[in-house]
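structure.pdb (PDB, C-alpha atoms)
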```
ATOM      1  CA  LYS A   1      50.974  95.427 -45.518
ATOM      2  CA  PHE A   2      47.629  96.799 -44.364
ATOM      3  CA  LYS A   3      48.575  96.891 -40.675
ATOM      4  CA  GLU A   4      51.650  98.986 -41.406
ATOM      5  CA  MET A   5      49.780 101.606 -43.468
ATOM      6  CA  ASN A   6      48.900 105.041 -42.137
ATOM      7  CA  LEU A   7      45.198 105.679 -41.519
ATOM      8  CA  PRO A   8      44.464 107.603 -44.772
ATOM      9  CA  ASN A   9      45.992 104.783 -46.820
ATOM     10  CA  LYS A  10      44.018 102.190 -44.871
ATOM     11  CA  LEU A  11      40.815 104.067 -45.675
ATOM     12  CA  THR A  12      41.812 104.234 -49.349
ATOM     13  CA  THR A  13      42.425 100.472 -49.364
ATOM     14  CA  ILE A  14      39.047  99.861 -47.718
ATOM     15  CA  ARG A  15      37.412 102.030 -50.405
ATOM     16  CA  MET A  16      39.119  99.943 -53.087
ATOM     17  CA  ALA A  17      37.740  96.794 -51.449
ATOM     18  CA  CYS A  18      34.239  98.275 -51.641
ATOM     19  CA  VAL A  19      34.378  98.260 -55.455
ATOM     20  CA  PRO A  20      34.139  94.464 -55.979
ATOM     21  CA  LEU A  21      31.583  94.282 -53.165
ATOM     22  CA  MET A  22      29.419  96.829 -54.989
ATOM     23  CA  LEU A  23      29.757  94.801 -58.171
ATOM     24  CA  VAL A  24      28.673  91.607 -56.393
ATOM     25  CA  LEU A  25      25.583  93.358 -55.002
ATOM     26  CA  PHE A  26      24.624  94.629 -58.464
ATOM     27  CA  ILE A  27      25.014  91.105 -59.867
ATOM     28  CA  LEU A  28      22.787  89.698 -57.114
ATOM     29  CA  TYR A  29      20.214  92.402 -57.864
ATOM     30  CA  MET A  30      20.221  91.545 -61.589
ATOM     31  CA  LEU A  31      19.991  87.791 -60.991
ATOM     32  CA  TYR A  32      17.006  88.309 -58.704
ATOM     33  CA  SER A  33      15.145  90.928 -60.742
ATOM     34  CA  ARG A  34      15.689  89.410 -64.197
ATOM     35  CA  LEU A  35      16.120  85.667 -63.664
ATOM     36  CA  ASN A  36      14.229  85.236 -60.378
ATOM     37  CA  VAL A  37      17.258  83.665 -58.728
ATOM     38  CA  PRO A  38      16.544  83.677 -54.951
ATOM     39  CA  CYS A  39      19.541  85.795 -53.973
ATOM     40  CA  ASP A  40      17.712  88.969 -52.914
ATOM     41  CA  TYR A  41      14.509  89.936 -51.138
ATOM     42  CA  THR A  42      11.863  92.564 -51.899
ATOM     43  CA  ILE A  43      11.058  94.438 -48.705
ATOM     44  CA  PHE A  44       7.997  96.097 -50.200
ATOM     45  CA  ALA A  45       6.494  96.653 -53.644
ATOM     46  CA  ILE A  46       3.727  99.072 -54.581
ATOM     47  CA  ASP A  47       3.963  98.430 -58.313
ATOM     48  CA  ALA A  48       6.556  97.489 -60.944
ATOM     49  CA  HIS A  49       8.352 100.814 -60.545
ATOM     50  CA  ARG A  50       8.010 101.485 -56.820
ATOM     51  CA  TYR A  51       9.711  98.866 -54.685
ATOM     52  CA  LEU A  52      12.699  98.320 -52.415
ATOM     53  CA  ASN A  53      15.016  95.315 -52.245
ATOM     54  CA  VAL A  54      17.582  94.349 -49.636
ATOM     55  CA  THR A  55      20.315  94.882 -52.243
ATOM     56  CA  HIS A  56      19.141  98.486 -52.732
ATOM     57  CA  ILE A  57      19.775  99.187 -49.058
ATOM     58  CA  LEU A  58      23.095  97.328 -48.977
ATOM     59  CA  MET A  59      24.361  99.105 -52.119
ATOM     60  CA  ALA A  60      23.304 102.529 -50.835
ATOM     61  CA  VAL A  61      24.882 101.976 -47.409
ATOM     62  CA  LEU A  62      28.101 100.539 -48.854
ATOM     63  CA  PHE A  63      28.484 103.336 -51.395
ATOM     64  CA  ALA A  64      27.746 106.007 -48.772
ATOM     65  CA  PHE A  65      30.312 104.435 -46.437
ATOM     66  CA  ALA A  66      32.942 104.345 -49.187
ATOM     67  CA  SER A  67      32.191 107.969 -50.083
ATOM     68  CA  ILE A  68      32.670 109.021 -46.454
ATOM     69  CA  THR A  69      36.076 107.305 -46.352
ATOM     70  CA  ASP A  70      37.051 109.454 -49.344
ATOM     71  CA  PHE A  71      36.294 112.618 -47.389
ATOM     72  CA  VAL A  72      37.887 111.374 -44.166
ATOM     73  CA  ASP A  73      41.164 110.137 -45.655
ATOM     74  CA  GLY A  74      41.641 113.396 -47.548
ATOM     75  CA  HIS A  75      40.912 115.423 -44.417
ATOM     76  CA  LEU A  76      43.334 113.370 -42.292
ATOM     77  CA  ALA A  77      46.077 113.519 -44.915
ATOM     78  CA  ARG A  78      45.834 117.320 -45.152
ATOM     79  CA  LYS A  79      45.482 117.834 -41.398
ATOM     80  CA  ASN A  80      48.492 115.680 -40.511
ATOM     81  CA  ASN A  81      50.487 116.499 -43.656
ATOM     82  CA  ILE A  82      50.635 112.835 -44.657
ATOM     83  CA  VAL A  83      51.937 112.282 -48.187
ATOM     84  CA  SER A  84      52.832 108.904 -49.677
ATOM     85  CA  ASP A  85      53.352 107.463 -53.138
ATOM     86  CA  TYR A  86      50.654 104.884 -52.398
ATOM     87  CA  GLY A  87      48.156 107.594 -51.526
ATOM     88  CA  LYS A  88      49.010 109.682 -54.580
ATOM     89  CA  LEU A  89      48.363 106.702 -56.852
ATOM     90  CA  MET A  90      45.600 104.772 -55.133
ATOM     91  CA  ASP A  91      43.390 107.553 -53.711
ATOM     92  CA  PRO A  92      42.245 109.014 -57.057
ATOM     93  CA  LEU A  93      42.167 105.525 -58.576
ATOM     94  CA  ALA A  94      39.902 104.256 -55.804
ATOM     95  CA  ASP A  95      37.531 107.203 -56.297
ATOM     96  CA  LYS A  96      37.264 106.674 -60.040
ATOM     97  CA  LEU A  97      36.841 102.916 -59.795
ATOM     98  CA  LEU A  98      34.133 103.301 -57.161
ATOM     99  CA  VAL A  99      32.141 105.955 -59.009
ATOM    100  CA  ASN A 100      32.582 104.672 -62.560
ATOM    101  CA  THR A 101      31.953 101.011 -61.683
ATOM    102  CA  THR A 102      28.766 102.026 -59.889
ATOM    103  CA  ILE A 103      27.603 104.238 -62.764
ATOM    104  CA  VAL A 104      28.123 101.483 -65.351
ATOM    105  CA  SER A 105      26.415  98.947 -63.071
ATOM    106  CA  MET A 106      23.409 101.225 -62.553
ATOM    107  CA  MET A 107      23.071 101.633 -66.315
ATOM    108  CA  ALA A 108      23.270  97.864 -66.807
ATOM    109  CA  CYS A 109      20.576  97.363 -64.159
ATOM    110  CA  GLY A 110      18.257  99.951 -65.726
ATOM    111  CA  MET A 111      18.359 102.233 -62.707
ATOM    112  CA  TYR A 112      18.357 105.310 -64.959
ATOM    113  CA  LEU A 113      14.844 104.457 -66.136
ATOM    114  CA  ILE A 114      11.655 104.579 -64.073
ATOM    115  CA  GLY A 115       9.162 103.756 -66.819
ATOM    116  CA  SER A 116       7.413 107.136 -66.931
ATOM    117  CA  SER A 117       7.544 109.294 -70.066
ATOM    118  CA  SER A 118       7.499 112.452 -67.929
ATOM    119  CA  PHE A 119      10.980 111.573 -66.655
ATOM    120  CA  LEU A 120      12.420 110.745 -70.081
ATOM    121  CA  PRO A 121      14.211 114.089 -70.756
ATOM    122  CA  LEU A 122      15.881 114.032 -67.337
ATOM    123  CA  GLU A 123      16.757 110.345 -67.709
ATOM    124  CA  ILE A 124      18.494 111.050 -71.016
ATOM    125  CA  LEU A 125      20.332 114.048 -69.535
ATOM    126  CA  ALA A 126      21.516 112.009 -66.554
ATOM    127  CA  MET A 127      22.759 109.160 -68.756
ATOM    128  CA  VAL A 128      24.643 111.552 -71.027
ATOM    129  CA  ALA A 129      26.070 113.333 -67.983
ATOM    130  CA  SER A 130      27.247 110.018 -66.525
ATOM    131  CA  ILE A 131      29.018 109.118 -69.763
ATOM    132  CA  VAL A 132      30.625 112.575 -69.667
ATOM    133  CA  VAL A 133      31.901 111.815 -66.143
ATOM    134  CA  ILE A 134      33.610 108.609 -67.289
ATOM    135  CA  ALA A 135      35.003 110.229 -70.445
ATOM    136  CA  ARG A 136      36.261 113.205 -68.414
ATOM    137  CA  ASP A 137      38.197 110.912 -66.066
ATOM    138  CA  ILE A 138      39.924 109.192 -68.990
ATOM    139  CA  PHE A 139      40.637 112.528 -70.664
ATOM    140  CA  VAL A 140      42.037 114.202 -67.547
ATOM    141  CA  ASP A 141      44.223 111.193 -66.711
ATOM    142  CA  ALA A 142      45.675 111.295 -70.219
ATOM    143  CA  LEU A 143      46.422 115.011 -69.820
ATOM    144  CA  ARG A 144      48.059 114.431 -66.433
ATOM    145  CA  MET A 145      50.300 111.690 -67.826
ATOM    146  CA  GLN A 146      51.426 113.982 -70.618
ATOM    147  CA  ALA A 147      52.016 116.840 -68.189
ATOM    148  CA  LEU A 148      54.025 114.658 -65.811
ATOM    149  CA  LYS A 149      56.548 114.096 -68.577
ATOM    150  CA  LYS A 150      57.212 117.842 -68.308
ATOM    151  CA  ASN A 151      57.103 117.758 -64.484
ATOM    152  CA  ALA A 152      53.935 119.853 -64.549
ATOM    153  CA  VAL A 153      51.227 119.397 -61.945
ATOM    154  CA  VAL A 154      47.801 121.039 -61.788
ATOM    155  CA  ALA A 155      46.130 121.125 -58.390
ATOM    156  CA  ALA A 156      42.575 119.861 -58.058
ATOM    157  CA  GLY A 157      40.137 122.689 -58.720
ATOM    158  CA  ILE A 158      36.737 123.576 -57.356
ATOM    159  CA  TRP A 159      34.959 121.890 -60.274
ATOM    160  CA  GLY A 160      36.318 118.478 -59.323
ATOM    161  CA  LYS A 161      35.144 118.975 -55.756
ATOM    162  CA  LEU A 162      31.707 120.055 -56.949
ATOM    163  CA  LYS A 163      31.570 117.008 -59.213
ATOM    164  CA  THR A 164      32.271 114.714 -56.269
ATOM    165  CA  ALA A 165      29.875 116.584 -53.971
ATOM    166  CA  THR A 166      26.992 116.080 -56.417
ATOM    167  CA  LEU A 167      27.816 112.691 -57.930
ATOM    168  CA  MET A 168      28.274 110.709 -54.732
ATOM    169  CA  PRO A 169      24.957 111.654 -53.083
ATOM    170  CA  GLY A 170      23.348 111.503 -56.527
ATOM    171  CA  ILE A 171      24.409 107.882 -56.893
ATOM    172  CA  VAL A 172      22.926 107.014 -53.484
ATOM    173  CA  PHE A 173      19.612 108.619 -54.485
ATOM    174  CA  MET A 174      19.708 106.788 -57.831
ATOM    175  CA  ILE A 175      20.260 103.429 -56.140
ATOM    176  CA  LEU A 176      17.227 104.124 -53.967
ATOM    177  CA  GLY A 177      15.298 105.679 -56.873
ATOM    178  CA  SER A 178      12.739 102.875 -57.042
ATOM    179  CA  LEU A 179      11.596 103.903 -53.573
ATOM    180  CA  HIS A 180       9.712 106.979 -54.847
ATOM    181  CA  PRO A 181       9.692 109.186 -57.994
ATOM    182  CA  VAL A 182      10.890 112.168 -55.917
ATOM    183  CA  VAL A 183      13.959 110.221 -54.759
ATOM    184  CA  PHE A 184      14.577 109.186 -58.372
ATOM    185  CA  ALA A 185      14.242 112.792 -59.628
ATOM    186  CA  ILE A 186      16.695 114.084 -56.999
ATOM    187  CA  GLY A 187      19.193 111.431 -58.038
ATOM    188  CA  LEU A 188      18.845 112.247 -61.740
ATOM    189  CA  SER A 189      19.244 115.967 -61.042
ATOM    190  CA  LEU A 190      22.385 115.487 -58.949
ATOM    191  CA  MET A 191      23.887 113.137 -61.552
ATOM    192  CA  THR A 192      23.208 115.705 -64.267
ATOM    193  CA  LEU A 193      24.859 118.448 -62.207
ATOM    194  CA  GLY A 194      27.825 116.174 -61.600
ATOM    195  CA  GLY A 195      28.211 115.669 -65.331
ATOM    196  CA  ILE A 196      28.095 119.426 -65.950
ATOM    197  CA  PHE A 197      30.747 120.054 -63.292
ATOM    198  CA  ALA A 198      32.862 117.212 -64.733
ATOM    199  CA  LEU A 199      32.670 118.749 -68.214
ATOM    200  CA  ILE A 200      33.658 122.202 -66.953
ATOM    201  CA  GLY A 201      36.489 120.721 -64.898
ATOM    202  CA  GLY A 202      37.756 118.782 -67.908
ATOM    203  CA  VAL A 203      37.819 121.953 -70.020
ATOM    204  CA  LYS A 204      39.697 123.775 -67.245
ATOM    205  CA  TYR A 205      42.286 120.989 -67.055
ATOM    206  CA  TYR A 206      42.751 121.109 -70.808
ATOM    207  CA  GLN A 207      43.253 124.865 -70.726
ATOM    208  CA  ALA A 208      45.822 124.540 -67.938
ATOM    209  CA  LEU A 209      47.752 121.681 -69.555
ATOM    210  CA  SER A 210      47.289 122.337 -73.266
ATOM    211  CA  ILE A 211      50.778 123.835 -73.563
ATOM    212  CA  TYR A 212      52.245 120.396 -72.795
ATOM    213  CA  ILE A 213      50.268 118.571 -75.457
ATOM    214  CA  GLY A 214      51.990 117.660 -78.672
ATOM    215  CA  ASP A 215      55.524 118.331 -77.438
TER     216      ASP A 215
END
```
What is this file in structure tokens?
Amino acid sequence: KFKEMNLPNKLTTIRMACVPLMLVLFILYMLYSRLNVPCDYTIFAIDAHRYLNVTHILMAVLFAFASITDFVDGHLARKNNIVSDYGKLMDPLADKLLVNTTIVSMMACGMYLIGSSSFLPLEILAMVASIVVIARDIFVDALRMQALKKNAVVAAGIWGKLKTATLMPGIVFMILGSLHPVVFAIGLSLMTLGGIFALIGGVKYYQALSIYIGD
């Protein structure tokens, strides 16, 4: 039960609950922007590519809040030496569901495109990098499952932390990218860096666990 959980696990559960809420906000955004369903509100609009909706703000705030809970629950767990089976399973799952669901939703909503040809190379890089992030998560999880059969565990490395440190703020900037081209460019750049760090981290995991593959 939620009330009986320790604080880090409560924060993890709250982060999990943010995932469907993010999805609902993206759906409301799409219904409003594509079908003119009155379920959102445009706060201001300069042109077709520079505008801000209520859902933009709600998505950015919700994702930022969920990202902060990720940092806080990890810090509390390490500080107080709190380890639980629930935390081991749900903490990384919550992170991946939050990030990957948001990435796929942003792609579906066209948030990787601003309509300017000058941004096209960076837009393509960011989209490829985001796909790399999702593929890396699947790949690393498969490696971990294989390694666990041999009771082998690889601690999280610096590349995973760098991936998180760039992806999470990058996603917030991407959500708010329609606000201004500079905001959009910062988001694309951070997403691209996150993809690079994810790729390097995936290679490092493979190198560390390759001896357990195929046995």
List as an mmCIF file with C-alpha atoms, in the coordinates of the input the protein and nucleic acid residues near region 46-49 of chain A, meaning an atom at most 8 Å away when all atoms listed in the file are counted, but skip any in the same chain fewer than 6 places from it.
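The new file out16.cif reads:
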```cif
data_model
loop_
_atom_site.group_PDB
_atom_site.id
_atom_site.type_symbol
_atom_site.label_atom_id
_atom_site.label_comp_id
_atom_site.auth_asym_id
_atom_site.auth_seq_id
_atom_site.Cartn_x
_atom_site.Cartn_y
_atom_site.Cartn_z
ATOM 1 C CA ILE A 114 11.655 104.579 -64.073
ATOM 2 C CA GLY A 115 9.162 103.756 -66.819
ATOM 3 C CA SER A 178 12.739 102.875 -57.042
#
```
Residue IDs satisfying the PyMOL selection byres ((chain A and resi 68-78) around 8), as a CSV table (one decimal) with C-alpha atoms, keeping the file's coordinate frame:
```
chain,number,residue,atom,x,y,z
A,7,LEU,CA,45.2,105.7,-41.5
A,8,PRO,CA,44.5,107.6,-44.8
A,9,ASN,CA,46.0,104.8,-46.8
A,11,LEU,CA,40.8,104.1,-45.7
A,12,THR,CA,41.8,104.2,-49.3
A,15,ARG,CA,37.4,102.0,-50.4
A,64,ALA,CA,27.7,106.0,-48.8
A,65,PHE,CA,30.3,104.4,-46.4
A,66,ALA,CA,32.9,104.3,-49.2
A,67,SER,CA,32.2,108.0,-50.1
A,79,LYS,CA,45.5,117.8,-41.4
A,80,ASN,CA,48.5,115.7,-40.5
A,81,ASN,CA,50.5,116.5,-43.7
A,82,ILE,CA,50.6,112.8,-44.7
A,83,VAL,CA,51.9,112.3,-48.2
A,91,ASP,CA,43.4,107.6,-53.7
A,95,ASP,CA,37.5,107.2,-56.3
```
Do you have, as a tab-separated table, the list of residues of region 24-111 of chain A lying at most 8 Å from region 124-136 of chain A, each with its nearest atom pair and that distance in Å to one decimal, counting all atoms listed in the file and ordered by chain then number?
```
residue	atom	partner	partner_atom	distance
A:Asn100	CA	A:Ile134	CA	6.2
A:Ile103	CA	A:Ser130	CA	6.9
A:Met107	CA	A:Met127	CA	7.9
```
Q: Run the PyMOL selection byres ((chain A and resi 43) around 12) against the file shown and list the residues it catches, as an NGL selection string.
A: :A and (40-42 or 44-46 or 50-57 or 178-179)
Q. Just how far from CA of Leu188 (chain A) is CA of Glu123 (chain A), in Å to one decimal?
A. 6.6 Å
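Among the candidates A:Ser210, A:Tyr86, A:Leu190, A:Met145, the residue lying nearest to Phe2 (chain A) is A:Tyr86 (atoms considered: only C-alpha atoms).
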Centre and size of axis-aligned box enclosing region 35-41 of chain A plus 8 Å each side, as JSON:
```
{"center_x": 16.9, "center_y": 86.8, "center_z": -57.4, "size_x": 21.3, "size_y": 22.3, "size_z": 28.5}
```
**Q.** Atomic distance CA of Lys3 (chain A) - CA of Lys88 (chain A), expressed in Å with one decimal
**A.** 18.9 Å
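Among the candidates A:Val172, A:Thr166, A:Phe139, A:Gln146, the residue lying nearest to Gly202 (chain A) is A:Phe139 (atoms considered: all atoms listed in the file).
Selection result for the displayed file, with the PyMOL selection byres ((chain A and resi 21) around 12) as criterion, is Ile14, Arg15, Met16, Ala17, Cys18, Val19, Pro20, Met22, Leu23, Val24, Leu25, Phe26, Ile27, Leu28, Thr55, Leu58, Met59, Ala60, Val61, Leu62, Phe63, Ala66, Leu98, Thr101 and Thr102 of chain A.
Compared by their closest atoms to Tyr205 (chain A), and using only C-alpha atoms, the residues A:Cys109, A:Val104, A:Val140, A:Val182 rank with A:Val140 nearest.
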Q) What does the distance between CA of Lys96 (chain A) and CA of Leu209 (chain A) come to in Å, to one decimal place? A) 20.6 Å
(Q) Please determine, counting all atoms listed in the file, which residue among A:Phe197, A:Lys1, A:Ser118, A:Met111 has the shortest atom-to-atom distance to Gly160 (chain A). (A) A:Phe197
Q: For each of A:Gly195, A:Pro121, A:Gly170, A:Gly201, take the minimum atom-to-atom distance to Gly157 (chain A), counting all atoms listed in the file, then give the residue where this is smallest.
A: A:Gly201
N, CA, C and O atoms for region 97-122 of chain A, written as a PDB file, in the frame of the given file, could you do that?
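Everything below was put into selection.pdb:
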```pdb
ATOM      1  N   LEU A  97      37.355 104.280 -59.677  1.00  0.00           N
ATOM      2  CA  LEU A  97      36.841 102.916 -59.795  1.00  0.00           C
ATOM      3  C   LEU A  97      35.491 102.781 -59.095  1.00  0.00           C
ATOM      4  O   LEU A  97      34.562 102.162 -59.626  1.00  0.00           O
ATOM      5  N   LEU A  98      35.382 103.376 -57.917  1.00  0.00           N
ATOM      6  CA  LEU A  98      34.133 103.301 -57.161  1.00  0.00           C
ATOM      7  C   LEU A  98      32.988 103.962 -57.920  1.00  0.00           C
ATOM      8  O   LEU A  98      31.928 103.354 -58.131  1.00  0.00           O
ATOM      9  N   VAL A  99      33.199 105.195 -58.343  1.00  0.00           N
ATOM     10  CA  VAL A  99      32.141 105.955 -59.009  1.00  0.00           C
ATOM     11  C   VAL A  99      31.809 105.368 -60.380  1.00  0.00           C
ATOM     12  O   VAL A  99      30.640 105.121 -60.706  1.00  0.00           O
ATOM     13  N   ASN A 100      32.834 105.119 -61.193  1.00  0.00           N
ATOM     14  CA  ASN A 100      32.582 104.672 -62.560  1.00  0.00           C
ATOM     15  C   ASN A 100      32.024 103.251 -62.624  1.00  0.00           C
ATOM     16  O   ASN A 100      31.157 102.955 -63.453  1.00  0.00           O
ATOM     17  N   THR A 101      32.505 102.370 -61.739  1.00  0.00           N
ATOM     18  CA  THR A 101      31.953 101.011 -61.683  1.00  0.00           C
ATOM     19  C   THR A 101      30.480 101.052 -61.294  1.00  0.00           C
ATOM     20  O   THR A 101      29.645 100.341 -61.866  1.00  0.00           O
ATOM     21  N   THR A 102      30.154 101.911 -60.335  1.00  0.00           N
ATOM     22  CA  THR A 102      28.766 102.026 -59.889  1.00  0.00           C
ATOM     23  C   THR A 102      27.883 102.622 -60.980  1.00  0.00           C
ATOM     24  O   THR A 102      26.752 102.165 -61.200  1.00  0.00           O
ATOM     25  N   ILE A 103      28.377 103.633 -61.680  1.00  0.00           N
ATOM     26  CA  ILE A 103      27.603 104.238 -62.764  1.00  0.00           C
ATOM     27  C   ILE A 103      27.300 103.219 -63.858  1.00  0.00           C
ATOM     28  O   ILE A 103      26.149 103.080 -64.304  1.00  0.00           O
ATOM     29  N   VAL A 104      28.323 102.486 -64.298  1.00  0.00           N
ATOM     30  CA  VAL A 104      28.123 101.483 -65.351  1.00  0.00           C
ATOM     31  C   VAL A 104      27.162 100.395 -64.880  1.00  0.00           C
ATOM     32  O   VAL A 104      26.285  99.945 -65.631  1.00  0.00           O
ATOM     33  N   SER A 105      27.296  99.985 -63.622  1.00  0.00           N
ATOM     34  CA  SER A 105      26.415  98.947 -63.071  1.00  0.00           C
ATOM     35  C   SER A 105      24.972  99.430 -62.998  1.00  0.00           C
ATOM     36  O   SER A 105      24.035  98.667 -63.295  1.00  0.00           O
ATOM     37  N   MET A 106      24.768 100.687 -62.609  1.00  0.00           N
ATOM     38  CA  MET A 106      23.409 101.225 -62.553  1.00  0.00           C
ATOM     39  C   MET A 106      22.787 101.261 -63.942  1.00  0.00           C
ATOM     40  O   MET A 106      21.595 100.971 -64.112  1.00  0.00           O
ATOM     41  N   MET A 107      23.584 101.630 -64.943  1.00  0.00           N
ATOM     42  CA  MET A 107      23.071 101.633 -66.315  1.00  0.00           C
ATOM     43  C   MET A 107      22.683 100.223 -66.743  1.00  0.00           C
ATOM     44  O   MET A 107      21.622 100.006 -67.345  1.00  0.00           O
ATOM     45  N   ALA A 108      23.539  99.251 -66.427  1.00  0.00           N
ATOM     46  CA  ALA A 108      23.270  97.864 -66.807  1.00  0.00           C
ATOM     47  C   ALA A 108      22.007  97.334 -66.129  1.00  0.00           C
ATOM     48  O   ALA A 108      21.286  96.516 -66.705  1.00  0.00           O
ATOM     49  N   CYS A 109      21.745  97.816 -64.919  1.00  0.00           N
ATOM     50  CA  CYS A 109      20.576  97.363 -64.159  1.00  0.00           C
ATOM     51  C   CYS A 109      19.312  98.153 -64.480  1.00  0.00           C
ATOM     52  O   CYS A 109      18.246  97.876 -63.927  1.00  0.00           O
ATOM     53  N   GLY A 110      19.424  99.159 -65.352  1.00  0.00           N
ATOM     54  CA  GLY A 110      18.257  99.951 -65.726  1.00  0.00           C
ATOM     55  C   GLY A 110      17.823 100.940 -64.674  1.00  0.00           C
ATOM     56  O   GLY A 110      16.662 101.373 -64.664  1.00  0.00           O
ATOM     57  N   MET A 111      18.728 101.320 -63.784  1.00  0.00           N
ATOM     58  CA  MET A 111      18.359 102.233 -62.707  1.00  0.00           C
ATOM     59  C   MET A 111      18.215 103.685 -63.154  1.00  0.00           C
ATOM     60  O   MET A 111      17.826 104.541 -62.358  1.00  0.00           O
ATOM     61  N   TYR A 112      18.539 103.960 -64.420  1.00  0.00           N
ATOM     62  CA  TYR A 112      18.357 105.310 -64.959  1.00  0.00           C
ATOM     63  C   TYR A 112      16.961 105.482 -65.555  1.00  0.00           C
ATOM     64  O   TYR A 112      16.629 106.551 -66.042  1.00  0.00           O
ATOM     65  N   LEU A 113      16.172 104.426 -65.530  1.00  0.00           N
ATOM     66  CA  LEU A 113      14.844 104.457 -66.136  1.00  0.00           C
ATOM     67  C   LEU A 113      13.800 104.089 -65.094  1.00  0.00           C
ATOM     68  O   LEU A 113      13.967 103.114 -64.357  1.00  0.00           O
ATOM     69  N   ILE A 114      12.719 104.859 -65.046  1.00  0.00           N
ATOM     70  CA  ILE A 114      11.655 104.579 -64.073  1.00  0.00           C
ATOM     71  C   ILE A 114      10.362 104.156 -64.757  1.00  0.00           C
ATOM     72  O   ILE A 114       9.406 103.754 -64.106  1.00  0.00           O
ATOM     73  N   GLY A 115      10.341 104.225 -66.085  1.00  0.00           N
ATOM     74  CA  GLY A 115       9.162 103.756 -66.819  1.00  0.00           C
ATOM     75  C   GLY A 115       8.085 104.794 -67.029  1.00  0.00           C
ATOM     76  O   GLY A 115       6.981 104.467 -67.461  1.00  0.00           O
ATOM     77  N   SER A 116       8.386 106.059 -66.738  1.00  0.00           N
ATOM     78  CA  SER A 116       7.413 107.136 -66.931  1.00  0.00           C
ATOM     79  C   SER A 116       7.937 108.104 -67.989  1.00  0.00           C
ATOM     80  O   SER A 116       9.076 108.569 -67.899  1.00  0.00           O
ATOM     81  N   SER A 117       7.114 108.415 -68.980  1.00  0.00           N
ATOM     82  CA  SER A 117       7.544 109.294 -70.066  1.00  0.00           C
ATOM     83  C   SER A 117       7.847 110.702 -69.568  1.00  0.00           C
ATOM     84  O   SER A 117       8.635 111.424 -70.182  1.00  0.00           O
ATOM     85  N   SER A 118       7.254 111.106 -68.460  1.00  0.00           N
ATOM     86  CA  SER A 118       7.499 112.452 -67.929  1.00  0.00           C
ATOM     87  C   SER A 118       8.927 112.625 -67.436  1.00  0.00           C
ATOM     88  O   SER A 118       9.426 113.740 -67.342  1.00  0.00           O
ATOM     89  N   PHE A 119       9.596 111.517 -67.132  1.00  0.00           N
ATOM     90  CA  PHE A 119      10.980 111.573 -66.655  1.00  0.00           C
ATOM     91  C   PHE A 119      11.999 111.409 -67.779  1.00  0.00           C
ATOM     92  O   PHE A 119      13.201 111.534 -67.534  1.00  0.00           O
ATOM     93  N   LEU A 120      11.514 111.106 -68.995  1.00  0.00           N
ATOM     94  CA  LEU A 120      12.420 110.745 -70.081  1.00  0.00           C
ATOM     95  C   LEU A 120      13.493 111.796 -70.368  1.00  0.00           C
ATOM     96  O   LEU A 120      14.683 111.449 -70.493  1.00  0.00           O
ATOM     97  N   PRO A 121      13.154 113.095 -70.484  1.00  0.00           N
ATOM     98  CA  PRO A 121      14.211 114.089 -70.756  1.00  0.00           C
ATOM     99  C   PRO A 121      15.303 114.108 -69.689  1.00  0.00           C
ATOM    100  O   PRO A 121      16.502 114.172 -70.018  1.00  0.00           O
ATOM    101  N   LEU A 122      14.900 114.018 -68.418  1.00  0.00           N
ATOM    102  CA  LEU A 122      15.881 114.032 -67.337  1.00  0.00           C
ATOM    103  C   LEU A 122      16.686 112.742 -67.307  1.00  0.00           C
ATOM    104  O   LEU A 122      17.882 112.752 -67.000  1.00  0.00           O
TER     105      LEU A 122
END
```
